[in-house]
Amino acid sequence: MITADALTALTATGFSRRGFLKSSGALVVTFGMASVAERLGVAPGTAFAQAVVPGDRLDSWIAVGVDGRITAYTGKCELGQGLYTAQTQLIAEELCVPVARVTLIQCDTSITPDQGTTSGAQSHPTNFNQGALAVAAASAREALVRLAAQRLGTDAAQLTVADGVVSVRGDSSRAVGYTELVGGRRFEIAVDPNAKRKPSSEWTVLGKPVPRLDIPGLVTAQAEFVHTVRVPGMLHGRVVRPPAVGATLISVDEASVSSMPGVVRVVVKNSFVGVVAEKPWQAVQAAEKLVARWTPGTGLPSQRDAYELLRKAPSRDTVVVDSGDVDAKLSGAASVVRATYYHPYQMHGSLGTSCAVVDAQGSGVTVWASSQNVHALRGTVAMVLGRNRDDVRVIFTRGSGCYGINGADTVAFDAALMSAAVGRPVRVQLARKDEMAWENYGLPFVIEQRAALDAAGTIVAYDYEGWSAARGGRPGGNNPGNVVTGFVAGFQPAAFAPRTPAPAPTAFVADNNTAPSYVTGRVGDKAGGVGLVASERVVSHRVLSPFFTGPLRAPERLQNTYAHECFMDEVAAHAKADPVEYRLRHIRDPRLIEIVRTAAKTAGWQARPSPRVNAAGTRQAAGTVSGRGFA
């Protein structure tokens, strides 16, 4: 296990773990007080970056230390969902060691594999199924058993593993520990995609309650957040955003703040403006006093007409599913229920404003950020600075939760531009007004829905049409203009091109949660939905937003599910049906059916037509009332 001072030295020099391993030949080495740089003869400030951490090599995922500890490397990060603990359990289980003997390193571009964005509830499928971290750990266990078989002179099938020791079944005196087998050395083998996972019947760690490993540090102020990162020689920056949407910079009067205490430099790139100072408050004061001239901007549509304008703007249309018979079903239905739902722009409003620290001095760039995709951020930081991607190292450091996209990436660009300009590390924490005005909001929506019902009140056709506005989004690896800093620095957001009419779908795509859970999702000969309504039409119109937008918790699920589930309540009420039973009547997926039934039973749901009447048999009068719902 790398000691705290050794890790500090590694970080300060930019010397990657893999760069060290390449020169030392050791897998994991424990250091004392001597610095890594001194032991390796590395000049301070020298940067090393692993261009690509190969995901097919076992040493990219698992290391066994000279003390028998396991170090694992993951490309999925802890955002408050307990993933760090769960992944640690996975490694402990597959390698047959206690949880306390595992150290997990997450999301550092120089030492962890690229597993994309931590989002979409995909971290468990990615690492816990038949690939990535799980199979790497199983590969390591099988490799250790093979080595033990050679050492003990027996067949691998006769061996068992417990507590990091491989022994002969029925003869515990013939045993060898992980440390003796590979401690401090590389495996030098590929991950075996056919490595056998431990069956759940043999689990001793997975599936068992383990207290969250990160909670003690969080509640005792020992955990490091990106807001608390401190680097020697670090300065502080403050951004000056445009005063209006569409405004561009005309000029900056640097003399307006040059005499203020602590001011180091005013940084300008296209319409990006930032002030760097010795102390945070000095940067705040200078940013407020800086004289900058801007164009008037493009203005905004009136709030009163916003939703109507959303319907009328040029749009990029998408047909998710269309059975071709919805209009006929609507015209021949026993009854039709219609409803329209409006959803405004909504900010994420993280409790703490976004923050990043960047050290762009010398030939390398080190970024401490709470990005959900450090490898993609590595690419876009390089673009913003005009540097080689291999010169950039991004280290995930926990920040304010967002479950969507807050200012984590854009503030990393802010700090990178300022650090590169002054040649020293710079910390930037956004002001509340900066984040509120310029974050990537959740998309606004207008959603119209119609349901055709037969005489029994069952839905025979479902019609969805939605309008939404979008601009930018996650920067990915090559779109820094998808967030405000990249945009004002001269990069364009992802291109928007109207498209009407939409092409026919080739597959059922539910990524944006546009289709309700009650349609079959049939495209061609495949039905990708979980519902039973076969007469189905789902059409989406995307228009260009004046504001930056992005996922809010899940891509457009807040907006669409609100509309879908409210609508099902209204249709159930029209049919005088119980809301839970009515949902079950229109879904076909066995797992989802069981979930709905179990949730209703556990909650003590009382079946009734909706809306529920009070004990006297009449609806509640105006005033404060209580109720229960299901979605």
# chains A, B, ... in the order shown; residues from 1 in each chain; ligands from 1

$ residues_around --residues "Ala100 of chain A" --least-positions-apart "6" --cutoff "10 Å" --atoms "only C-alpha atoms" --output "short mmCIF file (atom, residue, chain, number, x, y, z; two decimals) with N, CA and C atoms, in the first residue's frame"
data_model
loop_
_atom_site.label_atom_id
_atom_site.label_comp_id
_atom_site.auth_asym_id
_atom_site.auth_seq_id
_atom_site.Cartn_x
_atom_site.Cartn_y
_atom_site.Cartn_z
N ARG A 69 -1.37 -7.24 0.57
CA ARG A 69 -2.55 -6.44 0.30
C ARG A 69 -2.85 -6.44 -1.20
N ILE A 70 -4.13 -6.31 -1.52
CA ILE A 70 -4.57 -6.24 -2.90
C ILE A 70 -4.88 -4.79 -3.25
N THR A 88 -15.12 -2.77 -3.90
CA THR A 88 -14.14 -3.35 -2.97
C THR A 88 -14.59 -4.74 -2.52
N GLN A 89 -15.88 -4.89 -2.25
CA GLN A 89 -16.43 -6.21 -1.91
C GLN A 89 -16.20 -7.21 -3.05
N ALA A 92 -12.57 -8.32 -3.04
CA ALA A 92 -12.32 -9.17 -1.87
C ALA A 92 -12.92 -10.56 -2.08
N LEU A 213 -17.48 2.13 3.22
CA LEU A 213 -16.10 2.41 3.58
C LEU A 213 -15.78 3.89 3.61
#

$ closest_atom_pairs --of "segment 376-427 of chain A" --to "segment 277-300 of chain A" --cutoff "12 Å" --atoms "only C-alpha atoms" --output "CSV"
residue,atom,partner,partner_atom,distance
A:Met418,CA,A:Ala277,CA,10.4
A:Ser419,CA,A:Ala277,CA,11.3
A:Val422,CA,A:Ala277,CA,10.1
A:Arg424,CA,A:Glu278,CA,10.9
A:Pro425,CA,A:Glu278,CA,11.0
A:Val426,CA,A:Ala277,CA,9.1
A:Arg427,CA,A:Pro280,CA,8.7

$ select_by_dssp --residues "segment 171-270 of chain A" --states "alpha helix (DSSP H)" --output "list in words"
Tyr178, Thr179, Glu180, Leu181, Val182, Ile215, Pro216, Gly217, Leu218 and Val219 of chain A

$ write_last_selection --atoms "N, CA and C atoms" --output "CSV table (one decimal), in the first residue's frame"
chain,number,residue,atom,x,y,z
A,178,TYR,N,-0.3,-15.5,-1.1
A,178,TYR,CA,-0.2,-14.6,-2.3
A,178,TYR,C,1.2,-13.9,-2.3
A,179,THR,N,1.6,-13.5,-1.1
A,179,THR,CA,2.9,-12.7,-1.0
A,179,THR,C,4.0,-13.5,-1.6
A,180,GLU,N,4.1,-14.8,-1.2
A,180,GLU,CA,5.2,-15.6,-1.7
A,180,GLU,C,5.1,-15.9,-3.2
A,181,LEU,N,3.8,-15.9,-3.7
A,181,LEU,CA,3.6,-16.3,-5.1
A,181,LEU,C,3.9,-15.1,-6.0
A,182,VAL,N,3.5,-13.9,-5.7
A,182,VAL,CA,3.6,-12.8,-6.6
A,182,VAL,C,3.8,-11.4,-5.9
A,215,ILE,N,-17.9,6.4,4.5
A,215,ILE,CA,-18.7,7.2,5.4
A,215,ILE,C,-17.9,7.7,6.6
A,216,PRO,N,-17.1,6.9,7.3
A,216,PRO,CA,-16.3,7.5,8.4
A,216,PRO,C,-15.5,8.7,8.0
A,217,GLY,N,-14.8,8.7,6.9
A,217,GLY,CA,-14.0,9.8,6.4
A,217,GLY,C,-14.9,11.0,6.1
A,218,LEU,N,-16.1,10.8,5.6
A,218,LEU,CA,-17.0,11.9,5.3
A,218,LEU,C,-17.5,12.6,6.6
A,219,VAL,N,-17.9,11.8,7.5
A,219,VAL,CA,-18.5,12.4,8.7
A,219,VAL,C,-17.4,12.9,9.7

$ residues_around --residues "segment 497-510 of chain A" --least-positions-apart "2" --cutoff "8 Å" --atoms "only C-alpha atoms" --output "list of chain:residue names"
A:Pro314, A:Ser315, A:Arg316, A:Asp317, A:Thr318, A:Val319, A:Val320, A:Val321, A:Ala495, A:Asn512, A:Asn513, A:Thr514, A:Ala515, A:Gly521, A:Arg522, A:Val523, A:Gly524, A:Ala527, A:Gly528, A:Gly529, A:Val543

$ write_last_selection --atoms "C-alpha atoms" --output "tab-separated table (two decimals), in the first residue's frame"
chain	number	residue	atom	x	y	z
A	314	PRO	CA	-37.30	24.24	-36.20
A	315	SER	CA	-36.83	20.77	-34.77
A	316	ARG	CA	-34.87	17.59	-35.16
A	317	ASP	CA	-37.51	14.89	-35.14
A	318	THR	CA	-37.18	11.31	-33.98
A	319	VAL	CA	-39.72	8.52	-34.23
A	320	VAL	CA	-39.10	6.05	-31.41
A	321	VAL	CA	-41.91	3.70	-32.43
A	495	ALA	CA	-23.90	20.53	-34.02
A	512	ASN	CA	-33.87	9.12	-23.36
A	513	ASN	CA	-36.83	7.53	-21.57
A	514	THR	CA	-39.19	9.06	-24.12
A	515	ALA	CA	-41.32	5.94	-24.59
A	521	GLY	CA	-41.74	-1.03	-28.42
A	522	ARG	CA	-42.09	-3.07	-31.57
A	523	VAL	CA	-39.76	-2.19	-34.44
A	524	GLY	CA	-39.65	-4.78	-37.17
A	527	ALA	CA	-40.45	-5.72	-29.28
A	528	GLY	CA	-38.04	-3.82	-27.02
A	529	GLY	CA	-40.56	-2.34	-24.60
A	543	VAL	CA	-35.19	22.25	-30.81

$ residues_around --residues "segment 585-592 of chain A" --least-positions-apart "4" --cutoff "8 Å" --atoms "only C-alpha atoms" --output "ChimeraX atom specification"
/A:458-459,517-519,530-533,581,596

$ write_last_selection --atoms "C-alpha atoms" --output "PDB file, in the first residue's frame"
ATOM      1  CA  THR A 458     -58.108  -0.901 -21.161  1.00  0.00           C
ATOM      2  CA  ILE A 459     -55.674   1.147 -23.262  1.00  0.00           C
ATOM      3  CA  SER A 517     -43.302   1.642 -19.963  1.00  0.00           C
ATOM      4  CA  TYR A 518     -46.691   0.567 -21.286  1.00  0.00           C
ATOM      5  CA  VAL A 519     -45.952   0.098 -25.012  1.00  0.00           C
ATOM      6  CA  VAL A 530     -41.967  -3.869 -21.428  1.00  0.00           C
ATOM      7  CA  GLY A 531     -45.635  -2.997 -22.045  1.00  0.00           C
ATOM      8  CA  LEU A 532     -48.644  -4.537 -23.734  1.00  0.00           C
ATOM      9  CA  VAL A 533     -50.026  -1.633 -25.786  1.00  0.00           C
ATOM     10  CA  GLU A 581     -53.786  -2.760 -10.882  1.00  0.00           C
ATOM     11  CA  VAL A 596     -44.649  -3.487  -8.809  1.00  0.00           C
TER      12      VAL A 596
END

$ closest_residue --among "A:Ala494, A:Met383, A:Leu417, A:Leu152" --to "Val239 of chain A" --atoms "only C-alpha atoms"
A:Leu417

$ select_by_dssp --residues "segment 37-183 of chain A" --states "strand (DSSP E)" --output "list in words"
Ile62, Ala63, Val64, Ile70, Thr71, Ala72, Tyr73, Thr74, Val102, Thr103, Leu104, Ile105, Gln106, Leu159, Thr160, Val161, Ala162, Val165, Val166, Ser167, Val168, Asp171, Ser172, Ser173, Arg174, Ala175, Val176 and Gly177 of chain A

$ write_last_selection --atoms "N, CA, C and O atoms" --output "short mmCIF file (atom, residue, chain, number, x, y, z; two decimals), in the first residue's frame"
data_model
loop_
_atom_site.label_atom_id
_atom_site.label_comp_id
_atom_site.auth_asym_id
_atom_site.auth_seq_id
_atom_site.Cartn_x
_atom_site.Cartn_y
_atom_site.Cartn_z
N ILE A 62 -5.27 -5.38 -11.27
CA ILE A 62 -5.01 -6.01 -9.97
C ILE A 62 -3.52 -6.01 -9.68
O ILE A 62 -2.71 -6.29 -10.57
N ALA A 63 -3.18 -5.72 -8.43
CA ALA A 63 -1.80 -5.81 -7.96
C ALA A 63 -1.78 -6.45 -6.59
O ALA A 63 -2.67 -6.23 -5.77
N VAL A 64 -0.76 -7.25 -6.33
CA VAL A 64 -0.55 -7.87 -5.02
C VAL A 64 0.72 -7.29 -4.43
O VAL A 64 1.80 -7.38 -5.03
N ILE A 70 -4.13 -6.31 -1.52
CA ILE A 70 -4.57 -6.24 -2.90
C ILE A 70 -4.88 -4.79 -3.25
O ILE A 70 -5.60 -4.10 -2.52
N THR A 71 -4.34 -4.32 -4.35
CA THR A 71 -4.70 -3.01 -4.88
C THR A 71 -5.42 -3.24 -6.21
O THR A 71 -4.91 -3.97 -7.07
N ALA A 72 -6.60 -2.66 -6.34
CA ALA A 72 -7.38 -2.81 -7.57
C ALA A 72 -7.60 -1.44 -8.19
O ALA A 72 -7.60 -0.41 -7.50
N TYR A 73 -7.80 -1.42 -9.50
CA TYR A 73 -7.92 -0.18 -10.26
C TYR A 73 -9.22 -0.21 -11.06
O TYR A 73 -9.48 -1.17 -11.80
N THR A 74 -10.04 0.83 -10.91
CA THR A 74 -11.34 0.86 -11.57
C THR A 74 -11.54 2.17 -12.32
O THR A 74 -11.03 3.21 -11.91
N VAL A 102 -8.14 -4.82 0.94
CA VAL A 102 -8.24 -4.34 -0.44
C VAL A 102 -8.19 -2.81 -0.46
O VAL A 102 -8.89 -2.15 0.31
N THR A 103 -7.37 -2.27 -1.33
CA THR A 103 -7.35 -0.83 -1.60
C THR A 103 -7.80 -0.62 -3.03
O THR A 103 -7.26 -1.23 -3.96
N LEU A 104 -8.80 0.23 -3.21
CA LEU A 104 -9.34 0.49 -4.54
C LEU A 104 -8.93 1.88 -5.00
O LEU A 104 -9.17 2.87 -4.30
N ILE A 105 -8.31 1.96 -6.17
CA ILE A 105 -7.93 3.23 -6.78
C ILE A 105 -8.91 3.49 -7.91
O ILE A 105 -9.10 2.65 -8.79
N GLN A 106 -9.54 4.67 -7.90
CA GLN A 106 -10.59 4.93 -8.88
C GLN A 106 -10.26 6.12 -9.77
O GLN A 106 -9.82 7.16 -9.31
N LEU A 159 -6.69 -27.59 -5.09
CA LEU A 159 -6.36 -26.46 -4.22
C LEU A 159 -7.60 -25.66 -3.85
O LEU A 159 -8.58 -25.60 -4.60
N THR A 160 -7.53 -25.01 -2.71
CA THR A 160 -8.58 -24.12 -2.25
C THR A 160 -7.94 -22.82 -1.77
O THR A 160 -6.76 -22.81 -1.40
N VAL A 161 -8.72 -21.74 -1.79
CA VAL A 161 -8.18 -20.42 -1.44
C VAL A 161 -9.01 -19.82 -0.32
O VAL A 161 -10.26 -19.82 -0.37
N ALA A 162 -8.33 -19.29 0.69
CA ALA A 162 -9.01 -18.58 1.78
C ALA A 162 -8.04 -17.61 2.42
O ALA A 162 -6.87 -17.95 2.65
N VAL A 165 -4.49 -17.21 1.07
CA VAL A 165 -3.59 -18.36 1.15
C VAL A 165 -4.18 -19.49 0.31
O VAL A 165 -5.37 -19.81 0.41
N VAL A 166 -3.33 -20.10 -0.53
CA VAL A 166 -3.75 -21.23 -1.35
C VAL A 166 -3.23 -22.50 -0.68
O VAL A 166 -2.03 -22.62 -0.41
N SER A 167 -4.11 -23.46 -0.41
CA SER A 167 -3.71 -24.68 0.28
C SER A 167 -4.31 -25.91 -0.38
O SER A 167 -5.29 -25.82 -1.14
N VAL A 168 -3.73 -27.06 -0.09
CA VAL A 168 -4.22 -28.33 -0.61
C VAL A 168 -5.45 -28.73 0.21
O VAL A 168 -5.43 -28.67 1.44
N ASP A 171 -5.29 -30.79 3.55
CA ASP A 171 -3.94 -30.77 4.11
C ASP A 171 -3.47 -29.33 4.20
O ASP A 171 -2.74 -28.83 3.34
N SER A 172 -3.89 -28.62 5.24
CA SER A 172 -3.58 -27.20 5.38
C SER A 172 -2.10 -26.94 5.60
O SER A 172 -1.65 -25.80 5.50
N SER A 173 -1.31 -28.00 5.90
CA SER A 173 0.12 -27.78 6.09
C SER A 173 0.82 -27.49 4.76
O SER A 173 1.90 -26.93 4.73
N ARG A 174 0.19 -27.91 3.68
CA ARG A 174 0.75 -27.62 2.35
C ARG A 174 0.03 -26.39 1.81
O ARG A 174 -1.06 -26.48 1.23
N ALA A 175 0.61 -25.25 2.01
CA ALA A 175 -0.04 -23.98 1.66
C ALA A 175 1.01 -22.95 1.28
O ALA A 175 2.18 -23.04 1.67
N VAL A 176 0.56 -21.94 0.52
CA VAL A 176 1.43 -20.84 0.12
C VAL A 176 0.58 -19.59 -0.01
O VAL A 176 -0.54 -19.63 -0.51
N GLY A 177 1.10 -18.46 0.46
CA GLY A 177 0.35 -17.21 0.44
C GLY A 177 0.59 -16.42 -0.84
O GLY A 177 1.56 -16.64 -1.56
#

$ closest_residue --among "A:Glu202, A:Glu448, A:Asp56, A:Glu439" --to "Met347 of chain A" --atoms "only C-alpha atoms"
A:Glu439

$ residues_around --residues "Val483 of chain A" --least-positions-apart "4" --cutoff "10 Å" --atoms "only C-alpha atoms" --output "list in words"
Ile405, Asn406, Gly407, Asp409, Thr410, Val411, Phe413, Trp438, Glu439, Asn440, Arg471, Gly472, Gly473, Arg474, Pro475, Asn479, Phe487, Val488, Phe491, Gln492, Pro493, Phe548, Thr549 and Gly550 of chain A
